[in-house]
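Below is one structure, written out as structure tokens; the observations come after it.
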Amino acid sequence: MNARAEIGRRIAEARARAEGMTQEELGSRIGLSARGIQEIERDRSNPYRHVRAVAEATGVSVEWLLHGVEPEPKREADETLLRLLGSIDARLGRLEAEIDRLGRENR
């Protein structure tokens, strides 16, 4: 099965996951007719320009529609962000202490 056909199959599956959304309902949400959705699902029309809208309308990820896999969790990025925030907080604490010290010296 080619990539476009796979995307069409996943769009049909995404509709099913979205509480049995019909082709007409999906089409209405993304500005296509039910026939347009049917053409995409049957690999008779190019799905790529509608992938983001389909993902938003059905609650699946763009990555899943395109590749059949869910995006990796952003744990590593979150952990990096937490480390950076901790470092900023520590530096802010030292800066505040230095400001207090200088304020006491200038009184």
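If you're wondering about the labels, chains in the structure tokens are A, B, ... by order shown, residues count from 1 in each chain, ligands from 1 in order shown.
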Report as a Markdown table the residues of range 49-85 of chain A within 10 Å of range 14-23 of chain A, each with its shortest atom pair and distance in Å (one decimal), using only C-alpha atoms, ordered by chain and increasing residue number.
```
| residue | atom | partner | partner_atom | distance |
| --- | --- | --- | --- | --- |
| A:Val54 | CA | A:Ala14 | CA | 8.4 |
| A:Ala55 | CA | A:Ala14 | CA | 8.0 |
| A:Ala57 | CA | A:Ala18 | CA | 8.5 |
| A:Thr58 | CA | A:Ala18 | CA | 5.4 |
| A:Gly59 | CA | A:Ala18 | CA | 7.1 |
| A:Val60 | CA | A:Ala14 | CA | 6.7 |
| A:Ser61 | CA | A:Ala14 | CA | 9.7 |
| A:Trp64 | CA | A:Ala14 | CA | 9.5 |
| A:Leu65 | CA | A:Ala14 | CA | 8.2 |
```
Could those selected residues go to a file with N, CA and C atoms, as an mmCIF file, in the first residue's frame?
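Output (selection.cif):
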```
data_model
loop_
_atom_site.group_PDB
_atom_site.id
_atom_site.type_symbol
_atom_site.label_atom_id
_atom_site.label_comp_id
_atom_site.auth_asym_id
_atom_site.auth_seq_id
_atom_site.Cartn_x
_atom_site.Cartn_y
_atom_site.Cartn_z
ATOM 1 N N VAL A 54 -7.552 17.595 9.398
ATOM 2 C CA VAL A 54 -8.120 16.299 9.805
ATOM 3 C C VAL A 54 -7.646 15.939 11.201
ATOM 4 N N ALA A 55 -6.364 16.135 11.464
ATOM 5 C CA ALA A 55 -5.821 15.822 12.789
ATOM 6 C C ALA A 55 -6.537 16.634 13.863
ATOM 7 N N ALA A 57 -9.518 18.050 13.701
ATOM 8 C CA ALA A 57 -10.936 17.712 13.769
ATOM 9 C C ALA A 57 -11.185 16.370 14.445
ATOM 10 N N THR A 58 -10.247 15.443 14.303
ATOM 11 C CA THR A 58 -10.459 14.094 14.839
ATOM 12 C C THR A 58 -9.704 13.829 16.134
ATOM 13 N N GLY A 59 -8.812 14.736 16.516
ATOM 14 C CA GLY A 59 -8.089 14.579 17.776
ATOM 15 C C GLY A 59 -6.918 13.618 17.720
ATOM 16 N N VAL A 60 -6.385 13.364 16.524
ATOM 17 C CA VAL A 60 -5.185 12.534 16.406
ATOM 18 C C VAL A 60 -4.019 13.448 16.038
ATOM 19 N N SER A 61 -2.814 12.918 16.114
ATOM 20 C CA SER A 61 -1.649 13.734 15.775
ATOM 21 C C SER A 61 -1.377 13.692 14.274
ATOM 22 N N TRP A 64 0.773 10.737 13.479
ATOM 23 C CA TRP A 64 0.075 9.472 13.340
ATOM 24 C C TRP A 64 -0.585 9.375 11.957
ATOM 25 N N LEU A 65 -1.221 10.456 11.516
ATOM 26 C CA LEU A 65 -1.840 10.412 10.188
ATOM 27 C C LEU A 65 -0.806 10.162 9.095
#
```
Can you pull out every residue within 10 Å of His50 in chain A, counting only C-alpha atoms, but drop anything in the same chain fewer than 6 positions away, and send it as an MDAnalysis selection string?
chainID A and resid 30:32 37 40
Extract the full set of helix (DSSP H, G or I) residues from range 42-107 of chain A according to DSSP on the backbone, and format it as a PyMOL selection string.
chain A and resi 48-58+62-67+75-105
For the residues in the current selection, export N, CA and C atoms as a CSV table (one decimal), in the first residue's frame.
```
chain,number,residue,atom,x,y,z
A,48,TYR,N,-2.6,15.3,1.5
A,48,TYR,CA,-1.6,16.1,2.2
A,48,TYR,C,-2.0,17.5,2.6
A,49,ARG,N,-2.7,18.1,1.8
A,49,ARG,CA,-3.1,19.5,2.2
A,49,ARG,C,-4.2,19.6,3.3
A,50,HIS,N,-4.8,18.4,3.6
A,50,HIS,CA,-5.8,18.4,4.6
A,50,HIS,C,-5.4,17.7,5.9
A,51,VAL,N,-4.2,17.2,6.0
A,51,VAL,CA,-3.7,16.4,7.1
A,51,VAL,C,-3.9,17.2,8.4
A,52,ARG,N,-3.4,18.4,8.5
A,52,ARG,CA,-3.4,19.2,9.8
A,52,ARG,C,-4.9,19.4,10.2
A,53,ALA,N,-5.8,19.7,9.3
A,53,ALA,CA,-7.2,20.0,9.6
A,53,ALA,C,-7.8,18.7,10.1
A,54,VAL,N,-7.6,17.6,9.4
A,54,VAL,CA,-8.1,16.3,9.8
A,54,VAL,C,-7.6,15.9,11.2
A,55,ALA,N,-6.4,16.1,11.5
A,55,ALA,CA,-5.8,15.8,12.8
A,55,ALA,C,-6.5,16.6,13.9
A,56,GLU,N,-6.7,17.9,13.6
A,56,GLU,CA,-7.4,18.8,14.6
A,56,GLU,C,-8.8,18.4,14.8
A,57,ALA,N,-9.5,18.0,13.7
A,57,ALA,CA,-10.9,17.7,13.8
A,57,ALA,C,-11.2,16.4,14.4
A,58,THR,N,-10.2,15.4,14.3
A,58,THR,CA,-10.5,14.1,14.8
A,58,THR,C,-9.7,13.8,16.1
A,62,VAL,N,-0.8,14.8,13.8
A,62,VAL,CA,-0.3,14.8,12.4
A,62,VAL,C,0.6,13.7,12.1
A,63,GLU,N,1.5,13.4,13.1
A,63,GLU,CA,2.5,12.3,12.9
A,63,GLU,C,1.8,11.0,12.7
A,64,TRP,N,0.8,10.7,13.5
A,64,TRP,CA,0.1,9.5,13.3
A,64,TRP,C,-0.6,9.4,12.0
A,65,LEU,N,-1.2,10.5,11.5
A,65,LEU,CA,-1.8,10.4,10.2
A,65,LEU,C,-0.8,10.2,9.1
A,66,LEU,N,0.3,10.8,9.2
A,66,LEU,CA,1.3,10.7,8.1
A,66,LEU,C,2.1,9.4,8.2
A,67,HIS,N,2.5,9.0,9.4
A,67,HIS,CA,3.4,7.9,9.6
A,67,HIS,C,2.9,6.7,10.4
A,75,ARG,N,9.7,14.2,27.1
A,75,ARG,CA,10.3,14.1,28.5
A,75,ARG,C,11.7,14.8,28.6
A,76,GLU,N,12.5,14.5,27.6
A,76,GLU,CA,13.9,15.0,27.6
A,76,GLU,C,13.9,16.5,27.6
A,77,ALA,N,13.0,17.1,26.7
A,77,ALA,CA,12.9,18.5,26.6
A,77,ALA,C,12.4,19.1,27.9
A,78,ASP,N,11.4,18.4,28.5
A,78,ASP,CA,10.8,18.9,29.8
A,78,ASP,C,11.9,18.9,30.9
A,79,GLU,N,12.7,17.8,30.9
A,79,GLU,CA,13.7,17.7,32.0
A,79,GLU,C,14.7,18.8,31.8
A,80,THR,N,15.1,19.1,30.5
A,80,THR,CA,16.1,20.1,30.3
A,80,THR,C,15.5,21.5,30.7
A,81,LEU,N,14.2,21.7,30.4
A,81,LEU,CA,13.6,23.0,30.8
A,81,LEU,C,13.5,23.1,32.3
A,82,LEU,N,13.2,22.0,33.0
A,82,LEU,CA,13.2,22.0,34.5
A,82,LEU,C,14.6,22.3,35.1
A,83,ARG,N,15.6,21.7,34.5
A,83,ARG,CA,17.0,22.0,34.9
A,83,ARG,C,17.3,23.5,34.7
A,84,LEU,N,17.0,24.0,33.6
A,84,LEU,CA,17.2,25.4,33.3
A,84,LEU,C,16.5,26.4,34.2
A,85,LEU,N,15.2,26.0,34.5
A,85,LEU,CA,14.4,26.8,35.4
A,85,LEU,C,15.0,26.8,36.8
A,86,GLY,N,15.5,25.6,37.2
A,86,GLY,CA,16.2,25.5,38.5
A,86,GLY,C,17.4,26.3,38.6
A,87,SER,N,18.2,26.3,37.5
A,87,SER,CA,19.4,27.1,37.5
A,87,SER,C,19.1,28.6,37.5
A,88,ILE,N,18.1,29.0,36.8
A,88,ILE,CA,17.7,30.4,36.8
A,88,ILE,C,17.2,30.8,38.2
A,89,ASP,N,16.4,30.0,38.9
A,89,ASP,CA,15.9,30.2,40.2
A,89,ASP,C,17.1,30.4,41.2
A,90,ALA,N,18.1,29.5,41.1
A,90,ALA,CA,19.2,29.6,42.0
A,90,ALA,C,20.0,30.9,41.7
A,91,ARG,N,20.2,31.3,40.5
A,91,ARG,CA,20.9,32.5,40.2
A,91,ARG,C,20.1,33.7,40.6
A,92,LEU,N,18.8,33.7,40.5
A,92,LEU,CA,18.0,34.8,40.9
A,92,LEU,C,18.1,34.9,42.5
A,93,GLY,N,18.1,33.8,43.2
A,93,GLY,CA,18.3,33.9,44.6
A,93,GLY,C,19.6,34.5,45.0
A,94,ARG,N,20.7,34.2,44.3
A,94,ARG,CA,22.0,34.8,44.6
A,94,ARG,C,22.0,36.3,44.3
A,95,LEU,N,21.4,36.6,43.2
A,95,LEU,CA,21.3,38.0,42.8
A,95,LEU,C,20.5,38.8,43.8
A,96,GLU,N,19.4,38.3,44.3
A,96,GLU,CA,18.6,39.0,45.3
A,96,GLU,C,19.4,39.2,46.6
A,97,ALA,N,20.2,38.1,47.0
A,97,ALA,CA,21.0,38.2,48.2
A,97,ALA,C,22.1,39.3,48.0
A,98,GLU,N,22.7,39.4,46.8
A,98,GLU,CA,23.7,40.4,46.6
A,98,GLU,C,23.1,41.8,46.6
A,99,ILE,N,21.9,41.9,46.0
A,99,ILE,CA,21.2,43.2,46.1
A,99,ILE,C,20.9,43.6,47.5
A,100,ASP,N,20.5,42.7,48.3
A,100,ASP,CA,20.2,43.0,49.7
A,100,ASP,C,21.5,43.4,50.5
A,101,ARG,N,22.6,42.7,50.2
A,101,ARG,CA,23.9,43.0,50.8
A,101,ARG,C,24.4,44.4,50.4
A,102,LEU,N,24.3,44.7,49.1
A,102,LEU,CA,24.7,46.1,48.7
A,102,LEU,C,23.8,47.1,49.2
A,103,GLY,N,22.5,46.9,49.4
A,103,GLY,CA,21.6,47.8,50.0
A,103,GLY,C,22.0,48.1,51.4
A,104,ARG,N,22.3,47.1,52.2
A,104,ARG,CA,22.7,47.3,53.6
A,104,ARG,C,24.0,48.1,53.7
A,105,GLU,N,25.0,47.8,52.7
A,105,GLU,CA,26.2,48.5,52.8
A,105,GLU,C,26.1,50.0,52.5
```
Proximity to Gln38 in chain A - best of A:Glu13, A:Glu24, A:Glu70, A:Glu6, only C-alpha atoms
A:Glu24
In Å to one decimal, how far is CA of Ser28 in chain A from CA of Ser45 in chain A?
17.2 Å
Using only C-alpha atoms, determine which residues lie at most 8 Å from Arg4 in chain A, disregarding the query and same-chain residues fewer than 6 positions distant; provide the list as an MDAnalysis selection string.
chainID A and resid 43 46:47
Identify, on the basis of only C-alpha atoms, every residue whose closest approach to Ala5 in chain A does not exceed 8 Å; exclude the query and any residue fewer than 2 positions from it along the same chain; express the result as a PyMOL selection string.
chain A and resi 1-3+7-9+41-43
